[in-house]
Structure formats: C-alpha cells, structure tokens
$ cat upload-v8.tsv   # TSV, C-alpha atoms
chain	number	residue	atom	x	y	z
A	1	MET	CA	103.94	63.89	3.97
A	2	LYS	CA	106.90	62.19	2.27
A	3	TYR	CA	104.71	59.33	1.09
A	4	LEU	CA	102.18	61.82	-0.31
A	5	ASN	CA	104.89	63.59	-2.31
A	6	LYS	CA	106.10	60.27	-3.71
A	7	ILE	CA	102.58	59.34	-4.76
A	8	LEU	CA	102.08	62.70	-6.50
A	9	VAL	CA	105.39	62.34	-8.35
A	10	LEU	CA	104.42	58.83	-9.45
A	11	LEU	CA	101.02	60.01	-10.73
A	12	VAL	CA	102.62	62.85	-12.69
A	13	ALA	CA	105.13	60.42	-14.21
A	14	LEU	CA	102.34	58.05	-15.21
A	15	LEU	CA	100.36	60.88	-16.82
A	16	VAL	CA	103.39	62.08	-18.76
A	17	THR	CA	104.21	58.56	-19.87
A	18	GLY	CA	100.60	57.91	-20.90
A	19	SER	CA	100.44	61.09	-22.95
A	20	THR	CA	103.77	60.24	-24.59
A	21	PHE	CA	102.58	56.80	-25.68
A	22	GLY	CA	99.10	58.09	-26.51
A	23	GLN	CA	100.51	60.55	-29.11
A	24	SER	CA	103.27	58.43	-30.62
A	25	VAL	CA	104.72	59.46	-33.98
A	26	ARG	CA	105.55	55.79	-34.51
A	27	ASP	CA	101.97	55.37	-35.74
A	28	LEU	CA	102.67	57.52	-38.82
A	29	ARG	CA	103.13	55.89	-42.24
A	30	PHE	CA	103.91	57.08	-45.76
A	31	ASN	CA	100.73	56.40	-47.69
A	32	GLU	CA	101.26	57.74	-51.22
A	33	ILE	CA	103.84	59.57	-53.35
A	34	PHE	CA	103.40	61.35	-56.69
A	35	ILE	CA	106.31	62.78	-58.73
A	36	LYS	CA	105.26	63.53	-62.33
A	37	ASN	CA	102.69	66.15	-61.44
A	38	THR	CA	102.16	68.10	-64.64
A	39	ASP	CA	98.51	69.07	-64.56
A	40	ASN	CA	96.85	67.35	-61.61
A	41	PHE	CA	97.02	68.23	-57.90
A	42	ASP	CA	98.46	71.70	-57.18
A	43	ASP	CA	99.64	73.43	-54.01
A	44	GLU	CA	98.26	76.61	-52.42
A	45	TYR	CA	100.20	78.68	-54.96
A	46	GLY	CA	98.70	76.87	-57.96
A	47	ARG	CA	101.93	75.01	-58.79
A	48	HIS	CA	102.14	71.37	-59.84
A	49	VAL	CA	104.96	69.84	-57.82
A	50	PRO	CA	105.75	66.37	-56.41
A	51	TRP	CA	104.07	65.52	-53.14
A	52	VAL	CA	104.01	62.80	-50.51
A	53	GLU	CA	101.16	61.83	-48.21
A	54	ILE	CA	101.48	60.70	-44.56
A	55	PHE	CA	98.73	58.72	-42.82
A	56	ASN	CA	98.05	58.55	-39.07
A	57	THR	CA	97.16	54.94	-38.34
A	58	ALA	CA	96.37	55.67	-34.68
A	59	TYR	CA	92.96	56.40	-33.20
A	60	ASN	CA	94.21	59.48	-31.39
A	61	THR	CA	95.80	62.79	-32.32
A	62	VAL	CA	99.51	62.63	-33.25
A	63	ASN	CA	101.65	65.75	-33.67
A	64	LEU	CA	104.48	65.33	-36.17
A	65	ALA	CA	106.05	68.72	-35.35
A	66	GLY	CA	109.80	68.47	-34.82
A	67	CYS	CA	110.17	65.32	-36.92
A	68	TYR	CA	112.35	65.20	-40.04
A	69	LEU	CA	111.56	64.36	-43.66
A	70	THR	CA	114.51	63.37	-45.79
A	71	ASP	CA	115.63	61.51	-48.88
A	72	ASP	CA	119.17	61.08	-47.50
A	73	THR	CA	119.41	58.98	-44.33
A	74	THR	CA	123.18	59.39	-44.13
A	75	GLY	CA	122.34	62.35	-41.93
A	76	LEU	CA	125.49	63.76	-40.40
A	77	ALA	CA	127.58	62.57	-43.36
A	78	SER	CA	125.60	64.77	-45.77
A	79	VAL	CA	126.18	68.43	-46.49
A	80	LYS	CA	124.95	70.67	-43.65
A	81	LYS	CA	123.27	74.04	-43.84
A	82	ASN	CA	122.79	76.05	-40.62
A	83	GLY	CA	123.72	72.96	-38.58
A	84	ILE	CA	121.07	70.78	-40.25
A	85	PRO	CA	121.76	68.29	-43.09
A	86	GLU	CA	120.78	69.86	-46.40
A	87	HIS	CA	118.25	67.23	-47.39
A	88	TRP	CA	116.73	67.03	-43.93
A	89	TYR	CA	113.56	69.04	-43.43
A	90	ARG	CA	112.49	69.65	-39.86
A	91	ILE	CA	108.75	70.13	-39.54
A	92	PRO	CA	108.12	73.41	-37.64
A	93	LYS	CA	106.60	73.36	-34.16
A	94	THR	CA	104.71	76.62	-34.61
A	95	ASP	CA	101.98	75.36	-36.94
A	96	VAL	CA	98.84	73.89	-35.35
A	97	ASN	CA	98.10	72.02	-38.57
A	98	THR	CA	100.90	69.55	-37.80
A	99	ALA	CA	98.62	67.90	-35.21
A	100	MET	CA	97.06	65.06	-37.18
A	101	GLN	CA	93.66	63.81	-36.06
A	102	GLN	CA	92.95	60.10	-35.83
A	103	ARG	CA	93.04	58.25	-39.16
A	104	SER	CA	93.79	61.51	-41.02
A	105	PHE	CA	96.19	62.51	-43.82
A	106	ALA	CA	98.86	65.19	-44.29
A	107	VAL	CA	100.34	66.17	-47.66
A	108	PHE	CA	103.88	67.59	-48.00
A	109	TYR	CA	105.09	69.24	-51.22
A	110	MET	CA	108.57	68.17	-52.31
A	111	ASP	CA	109.59	71.33	-54.18
A	112	ALA	CA	112.79	72.31	-52.32
A	113	GLN	CA	111.07	75.54	-51.22
A	114	PRO	CA	110.76	75.38	-47.40
A	115	LEU	CA	110.09	79.12	-47.22
A	116	TYR	CA	106.74	78.56	-48.94
A	117	GLY	CA	105.23	77.12	-45.77
A	118	THR	CA	105.22	74.38	-43.20
A	119	PHE	CA	104.29	71.67	-45.69
A	120	HIS	CA	107.02	72.46	-48.24
A	121	VAL	CA	110.21	70.43	-47.77
A	122	ASN	CA	113.79	71.39	-48.71
A	123	PHE	CA	114.41	68.66	-51.30
A	124	ASP	CA	113.02	67.55	-54.65
A	125	PRO	CA	112.84	63.85	-55.67
A	126	ARG	CA	113.30	64.82	-59.33
A	127	THR	CA	116.85	65.98	-58.61
A	128	SER	CA	117.58	63.56	-55.76
A	129	LYS	CA	120.01	60.66	-56.12
A	130	SER	CA	117.94	58.34	-53.92
A	131	SER	CA	114.69	56.52	-54.55
A	132	TYR	CA	113.24	56.59	-51.06
A	133	ILE	CA	111.86	58.99	-48.49
A	134	ALA	CA	112.19	58.64	-44.73
A	135	LEU	CA	110.46	60.03	-41.66
A	136	ILE	CA	112.86	60.54	-38.72
A	137	SER	CA	111.95	61.24	-35.08
A	138	SER	CA	112.61	64.63	-33.50
A	139	ASP	CA	115.88	63.42	-31.94
A	140	GLY	CA	117.23	62.73	-35.44
A	141	LYS	CA	118.06	59.11	-34.62
A	142	ASP	CA	114.99	56.87	-34.78
A	143	LEU	CA	113.56	55.86	-38.15
A	144	ILE	CA	109.76	56.03	-37.99
A	145	ASP	CA	108.96	54.96	-41.55
A	146	LEU	CA	110.70	54.48	-44.88
A	147	MET	CA	109.09	54.26	-48.33
A	148	VAL	CA	111.11	52.91	-51.23
A	149	TYR	CA	109.42	53.76	-54.53
A	150	PRO	CA	110.06	53.00	-58.24
A	151	LYS	CA	111.55	56.39	-59.03
A	152	GLN	CA	112.09	56.03	-62.76
A	153	GLN	CA	108.58	54.67	-63.33
A	154	LEU	CA	107.04	57.53	-61.36
A	155	MET	CA	109.09	60.11	-63.27
A	156	ASP	CA	108.03	58.68	-66.62
A	157	THR	CA	104.35	58.02	-65.83
A	158	ALA	CA	101.71	60.27	-64.29
A	159	MET	CA	100.83	57.65	-61.70
A	160	SER	CA	101.22	57.55	-57.99
A	161	TYR	CA	102.74	54.86	-55.81
A	162	GLY	CA	101.14	54.00	-52.49
A	163	LEU	CA	99.45	51.54	-50.18
A	164	ALA	CA	96.40	49.74	-51.52
A	165	HIS	CA	94.95	49.84	-47.99
A	166	ASP	CA	95.75	52.84	-45.83
A	167	GLY	CA	98.59	52.20	-43.39
A	168	ILE	CA	99.30	48.60	-44.50
A	169	VAL	CA	102.90	48.81	-45.74
A	170	GLU	CA	102.96	45.28	-47.18
A	171	GLU	CA	100.43	46.26	-49.88
A	172	ALA	CA	102.33	48.99	-51.74
A	173	GLU	CA	101.69	49.21	-55.50
A	174	MET	CA	101.34	51.52	-58.49
A	175	MET	CA	97.97	53.23	-58.36
A	176	ASP	CA	95.74	54.24	-61.27
A	177	GLN	CA	94.20	57.07	-59.26
A	178	PHE	CA	96.02	59.50	-57.00
A	179	THR	CA	94.22	60.52	-53.82
A	180	PRO	CA	96.12	63.25	-51.92
A	181	GLY	CA	94.58	63.93	-48.51
A	182	SER	CA	92.12	61.04	-48.70
A	183	THR	CA	91.95	57.26	-48.58
A	184	ASN	CA	93.64	55.11	-51.22
A	185	GLU	CA	90.84	52.56	-51.16
A	186	THR	CA	88.96	53.79	-54.21
A	187	LYS	CA	87.78	50.43	-55.50
A	188	VAL	CA	84.04	49.89	-55.21
A	189	THR	CA	83.33	46.95	-52.96
A	190	ILE	CA	80.02	45.24	-52.29
A	191	SER	CA	79.28	44.36	-48.69
A	192	LYS	CA	77.98	40.94	-47.72
A	193	GLN	CA	74.59	42.40	-46.86
A	194	GLU	CA	74.28	44.02	-50.28
A	195	LYS	CA	75.39	40.85	-52.02
A	196	LEU	CA	72.88	38.76	-50.07
A	197	LYS	CA	70.12	41.23	-50.85
A	198	ARG	CA	71.01	41.08	-54.52
A	199	ASP	CA	71.13	37.27	-54.69
A	200	ASP	CA	68.09	36.66	-52.44
A	201	PRO	CA	65.73	39.65	-52.68
A	202	TYR	CA	62.78	37.89	-50.95
A	203	GLY	CA	64.78	36.20	-48.18
A	204	ILE	CA	63.59	32.68	-49.06
A	205	GLY	CA	67.06	31.21	-49.05
A	206	LEU	CA	67.92	32.88	-45.75
A	207	ALA	CA	64.74	31.52	-44.15
A	208	VAL	CA	65.45	27.98	-45.37
A	209	ILE	CA	69.02	28.15	-44.10
A	210	SER	CA	67.91	29.47	-40.70
A	211	ILE	CA	65.26	26.77	-40.23
A	212	SER	CA	67.71	24.08	-41.32
A	213	VAL	CA	70.30	25.27	-38.83
A	214	VAL	CA	67.75	25.19	-35.99
A	215	PHE	CA	66.57	21.68	-36.82
A	216	VAL	CA	70.10	20.36	-37.21
A	217	ALA	CA	71.02	21.84	-33.84
A	218	LEU	CA	67.98	20.20	-32.19
A	219	ILE	CA	68.80	16.82	-33.74
A	220	VAL	CA	72.41	17.06	-32.56
A	221	ILE	CA	71.27	17.90	-29.01
A	222	TYR	CA	68.81	14.97	-29.02
A	223	LEU	CA	71.48	12.52	-30.17
A	224	MET	CA	73.92	13.79	-27.55
A	225	LEU	CA	71.37	13.31	-24.77
A	226	LYS	CA	70.55	9.81	-25.99
A	227	LEU	CA	74.21	8.85	-26.07
A	228	PHE	CA	74.72	10.29	-22.61
A	229	GLY	CA	71.81	8.27	-21.18
A	230	TYR	CA	73.02	5.07	-22.88
A	231	ALA	CA	76.54	5.57	-21.52
A	232	THR	CA	75.19	6.21	-18.01
A	233	LYS	CA	73.19	2.97	-18.04
A	234	LYS	CA	76.21	1.03	-19.28
A	235	ILE	CA	78.39	2.38	-16.48
A	236	ALA	CA	75.75	1.56	-13.84
A	237	ALA	CA	75.36	-2.01	-15.13
A	238	ARG	CA	79.13	-2.50	-15.18
A	239	ASN	CA	79.48	-1.33	-11.58
A	240	ALA	CA	76.64	-3.63	-10.46
A	241	ALA	CA	78.28	-6.61	-12.16
A	242	LYS	CA	81.60	-5.95	-10.42
A	243	SER	CA	80.08	-6.24	-6.88
A	244	THR	CA	80.34	-9.92	-5.48
A	245	PRO	CA	77.74	-11.73	-3.29
A	246	ALA	CA	80.19	-11.71	-0.34
A	247	GLU	CA	80.43	-7.98	-0.52
A	248	GLU	CA	76.65	-7.69	-0.68
A	249	THR	CA	76.36	-9.93	2.45
A	250	LYS	CA	78.91	-7.84	4.33
A	251	ALA	CA	77.06	-4.70	3.38
A	252	ALA	CA	73.74	-6.19	4.60
A	253	VAL	CA	75.30	-7.30	7.92
A	254	ALA	CA	76.84	-3.91	8.44
A	255	ALA	CA	73.52	-2.23	7.77
A	256	THR	CA	71.72	-4.60	10.22
A	257	SER	CA	74.28	-4.02	12.98
A	258	THR	CA	74.00	-0.31	12.47
A	259	GLU	CA	70.21	-0.51	12.84
A	260	ALA	CA	70.56	-2.64	16.00
A	261	LYS	CA	72.94	-0.15	17.50
A	262	ASP	CA	70.49	2.58	16.78
A	263	ASP	CA	67.67	0.59	18.53
A	264	ASP	CA	69.80	-0.15	21.68
A	265	GLN	CA	70.56	3.46	22.32
A	266	ILE	CA	68.77	5.05	25.35
A	267	THR	CA	68.00	8.64	26.14
A	268	GLY	CA	69.69	10.75	28.80
A	269	GLU	CA	66.63	10.73	31.06
A	270	GLU	CA	66.49	6.95	31.04
A	271	ALA	CA	70.17	6.71	31.89
A	272	ALA	CA	69.71	9.16	34.80
A	273	ALA	CA	66.77	7.13	36.22
A	274	ILE	CA	68.75	3.89	36.05
A	275	ALA	CA	71.74	5.51	37.77
A	276	MET	CA	69.54	6.89	40.60
A	277	ALA	CA	67.93	3.48	41.18
A	278	LEU	CA	71.32	1.82	41.47
A	279	HIS	CA	72.53	4.49	43.86
A	280	MET	CA	69.51	4.03	46.18
A	281	HIS	CA	69.88	0.26	46.07
A	282	PHE	CA	73.53	0.20	47.06
A	283	ASN	CA	72.94	2.74	49.87
A	284	SER	CA	69.92	0.85	51.40
A	285	MET	CA	67.58	3.60	50.39
A	286	HIS	CA	64.17	2.59	49.15
A	287	ASP	CA	60.68	3.88	48.98
A	288	GLU	CA	58.97	1.05	51.04
A	289	GLU	CA	56.96	2.30	54.10
A	290	SER	CA	56.54	0.60	57.50
A	291	GLU	CA	52.82	1.32	57.53
A	292	ILE	CA	53.19	3.06	60.97
A	293	ILE	CA	51.81	6.59	61.20
A	294	THR	CA	53.68	8.87	63.56
A	295	ILE	CA	52.09	12.09	64.82
A	296	ASP	CA	54.28	14.76	66.35
A	297	MET	CA	52.72	16.67	69.22
A	298	PRO	CA	53.11	20.42	69.17
A	299	SER	CA	55.78	21.71	71.49
A	300	ALA	CA	55.63	24.75	73.75
A	301	HIS	CA	57.14	26.91	71.17
A	302	TYR	CA	55.17	27.41	68.02
A	303	SER	CA	56.48	28.61	64.81
A	304	PRO	CA	54.47	31.51	63.45
A	305	TRP	CA	55.41	30.44	60.02
A	306	ALA	CA	54.00	26.95	60.47
A	307	GLN	CA	51.03	27.96	62.72
A	308	LYS	CA	49.45	30.78	60.81
A	309	GLU	CA	46.32	30.75	63.01
A	310	LEU	CA	48.38	32.14	65.89
A	311	THR	CA	49.01	35.28	63.92
A	312	MET	CA	45.30	35.97	63.55
A	313	LYS	CA	43.56	38.26	66.06
A	314	LYS	CA	40.89	36.62	68.12
A	315	THR	CA	37.33	37.83	67.91
A	316	PRO	CA	36.70	40.12	70.87
A	317	ARG	CA	33.98	39.00	73.26
A	318	LEU	CA	31.97	41.16	75.66
A	319	ARG	CA	32.05	40.33	79.29
A	320	LYS	CA	28.78	39.98	81.11

$ encode --input "upload-v8.tsv" --output "structure tokens"
Amino acid sequence: MKYLNKILVLLVALLVTGSTFGQSVRDLRFNEIFIKNTDNFDDEYGRHVPWVEIFNTAYNTVNLAGCYLTDDTTGLASVKKNGIPEHWYRIPKTDVNTAMQQRSFAVFYMDAQPLYGTFHVNFDPRTSKSSYIALISSDGKDLIDLMVYPKQQLMDTAMSYGLAHDGIVEEAEMMDQFTPGSTNETKVTISKQEKLKRDDPYGIGLAVISISVVFVALIVIYLMLKLFGYATKKIAARNAAKSTPAEETKAAVAATSTEAKDDDQITGEEAAAIAMALHMHFNSMHDEESEIITIDMPSAHYSPWAQKELTMKKTPRLRK
C-alpha cells in the first residue's frame, strides 16, 4: 500500500510539472510597440492611445494572468501604491482572455488607465522616463522579456517598432505598417513552387533536370561497381602472389593426410565384429564342428513344453 501511495504521488508530481512547463510564460515575447497613435488603431472606447503587442511563440496555450508589465524595472525602489510599484501593472487573473492560444497575439493599451479594463496598463510611455518595456513573472522577480525601443523616433513619427519576424528578437526594426493583433510579416513573398511555375510554365526544365539527375546517378553507381570489382581482383592477385611453393606443398600434404585419415576410419559395427573375433580366438572358442552328430534319447520325464504331442488327446477307439 505504501508503494502504491508513493507511485500516485509521483504521477501527480509529474502531471503538475508537465502542465507547468507546458504553459510557460517564458515563451511570451514583445512583438510590436506603437506610441504616436493619433488617428490609427483605437481601443474599445474609440481612443487613440499607445499600445504594445505580445506574441505567444509556443504551440500551446499560455496564460499571462498574474504577470507584470512595467517600464521601471527598479521594482521595489520605485514609488509604491497599494503595496505595488506605481509603474508595475499586474495582469488580472479573473479575465479568461488572458489565456493566449498558440501563436496568438495580445494587445495592451498604455494609457495609465487600469480601471478601463484588463488590457489597460497603469503607465504611459509618453510621460515615462525610460525607453523600454518589460514583462515580469508573477513572482515579481524573473524577467521574461524586455524590449528597448527608439522612444524619441516613435514619439515623432507615426511608425511602429517591432520584430520583422514574429517572436525573433534579433530582427527588431522600424516598421512601415503597424499590425496590432496580427503578424508583422506583411511583405509579399513568392514561394519556390510559385517561382518555378513562373520561370518554367511547361515543366521542360524540370524534366531535363530530373532525367539528368537519374542518368548521373546511374553512371556514378556503374563506376563505383567497376572500381569495386577491379579492387577485388587486385587484392586476390596480391594474396595469390604472396603464397610460396613450400606453403602450397604443405597444404597439399595436409589435405592428402586428411583424406587418408578419412579413408582409414571404420564403422562401429566393424569394430564390434573385430573385437568379438579376437575375444573368441583368445578364449579357444571357434565355430568349427567335429562332424559327429549326437542324438539325445528321451528320458522318462517329458517336458510338456517340449513335447506338445503329449498334451493332445488321443483318438478314442471302440473295443470289440
């Protein structure tokens, strides 16, 4: 029973650990930020305010509830309000919309109006002294992601700053188009299939290339087999040249002696017959007869087993 309890506890621990790693907030990344929002994207109240976009790089659901958004990582050193640093916004745990689906986006409005809803933070980059935004874990200690942006350029130009490819931090740049809640990869790209179809509409080039590859492969295989056969013959000839006449003679003698030994071998029946003949010879036993026939006369006592006629009833005869 004790072992069963230990196994159950271990399984529960593994399940809890798996779910913890499966929904890790460490997969979240800042994807795009937009400050000079004068007449573009607006919030649910119709206001044009700065916003920041977070991207879930994982292929599973990640809940960012309880995490912090801030533009002041000094944390405890900053001014506190209700026990929480003033520029630290804790994402509520009561909103189901904080659970981000795989490869999805979440937009937070940086308008310093947290009472407007879950996705409105308590700081504004236009009045902030820093030029970065950070995502902190729910324990307030671990830094999940940090985006440093060109603040003055974003405040002067109606352009966004983000990742050219979603989730790849090394490719951050100024973007001509802002894409809140959707992918940043807006450039039209032509796939290899489309390019091949455009350059070779009838497939002639593809057919020539395919046939050439097949023939080249066959030629390579043929040459490899030829080289292998040539090398095998060379090795066989070299081994034959190394063997001396003396060695060949010894080998022939050994083979002959082996064959002779095989011919001299006798079977078990023959050996038994020879042994019996020797035994009879040494004990004066032989199969020669004296040519005298001896006839034993029947004694008074007959054996019914040997004289079966005695066991037969005689034919009754009538007396005259």

$ closest_residue --input "upload-v8.tsv" --among "A:Ile235, A:Val148, A:Cys67, A:Leu196" --to "Glu173 in chain A" --atoms "all atoms listed in the file"
A:Val148

$ atom_distance --input "upload-v8.tsv" --atom1 "CA of Glu86 in chain A" --atom2 "CA of Tyr149 in chain A"
21.3 Å

$ atom_distance --input "upload-v8.tsv" --atom1 "CA of Ile144 in chain A" --atom2 "CA of Ile54 in chain A"
11.6 Å

$ closest_residue --input "upload-v8.tsv" --among "A:Arg198, A:Arg29, A:His87, A:Arg47" --to "Tyr116 in chain A" --atoms "only C-alpha atoms"
A:Arg47

$ atom_distance --input "upload-v8.tsv" --atom1 "CA of Pro125 in chain A" --atom2 "CA of Thr186 in chain A"
26.0 Å

$ closest_residue --input "upload-v8.tsv" --among "A:Val107, A:Trp88, A:Val25, A:Ala277" --to "Pro180 in chain A" --atoms "all atoms listed in the file"
A:Val107
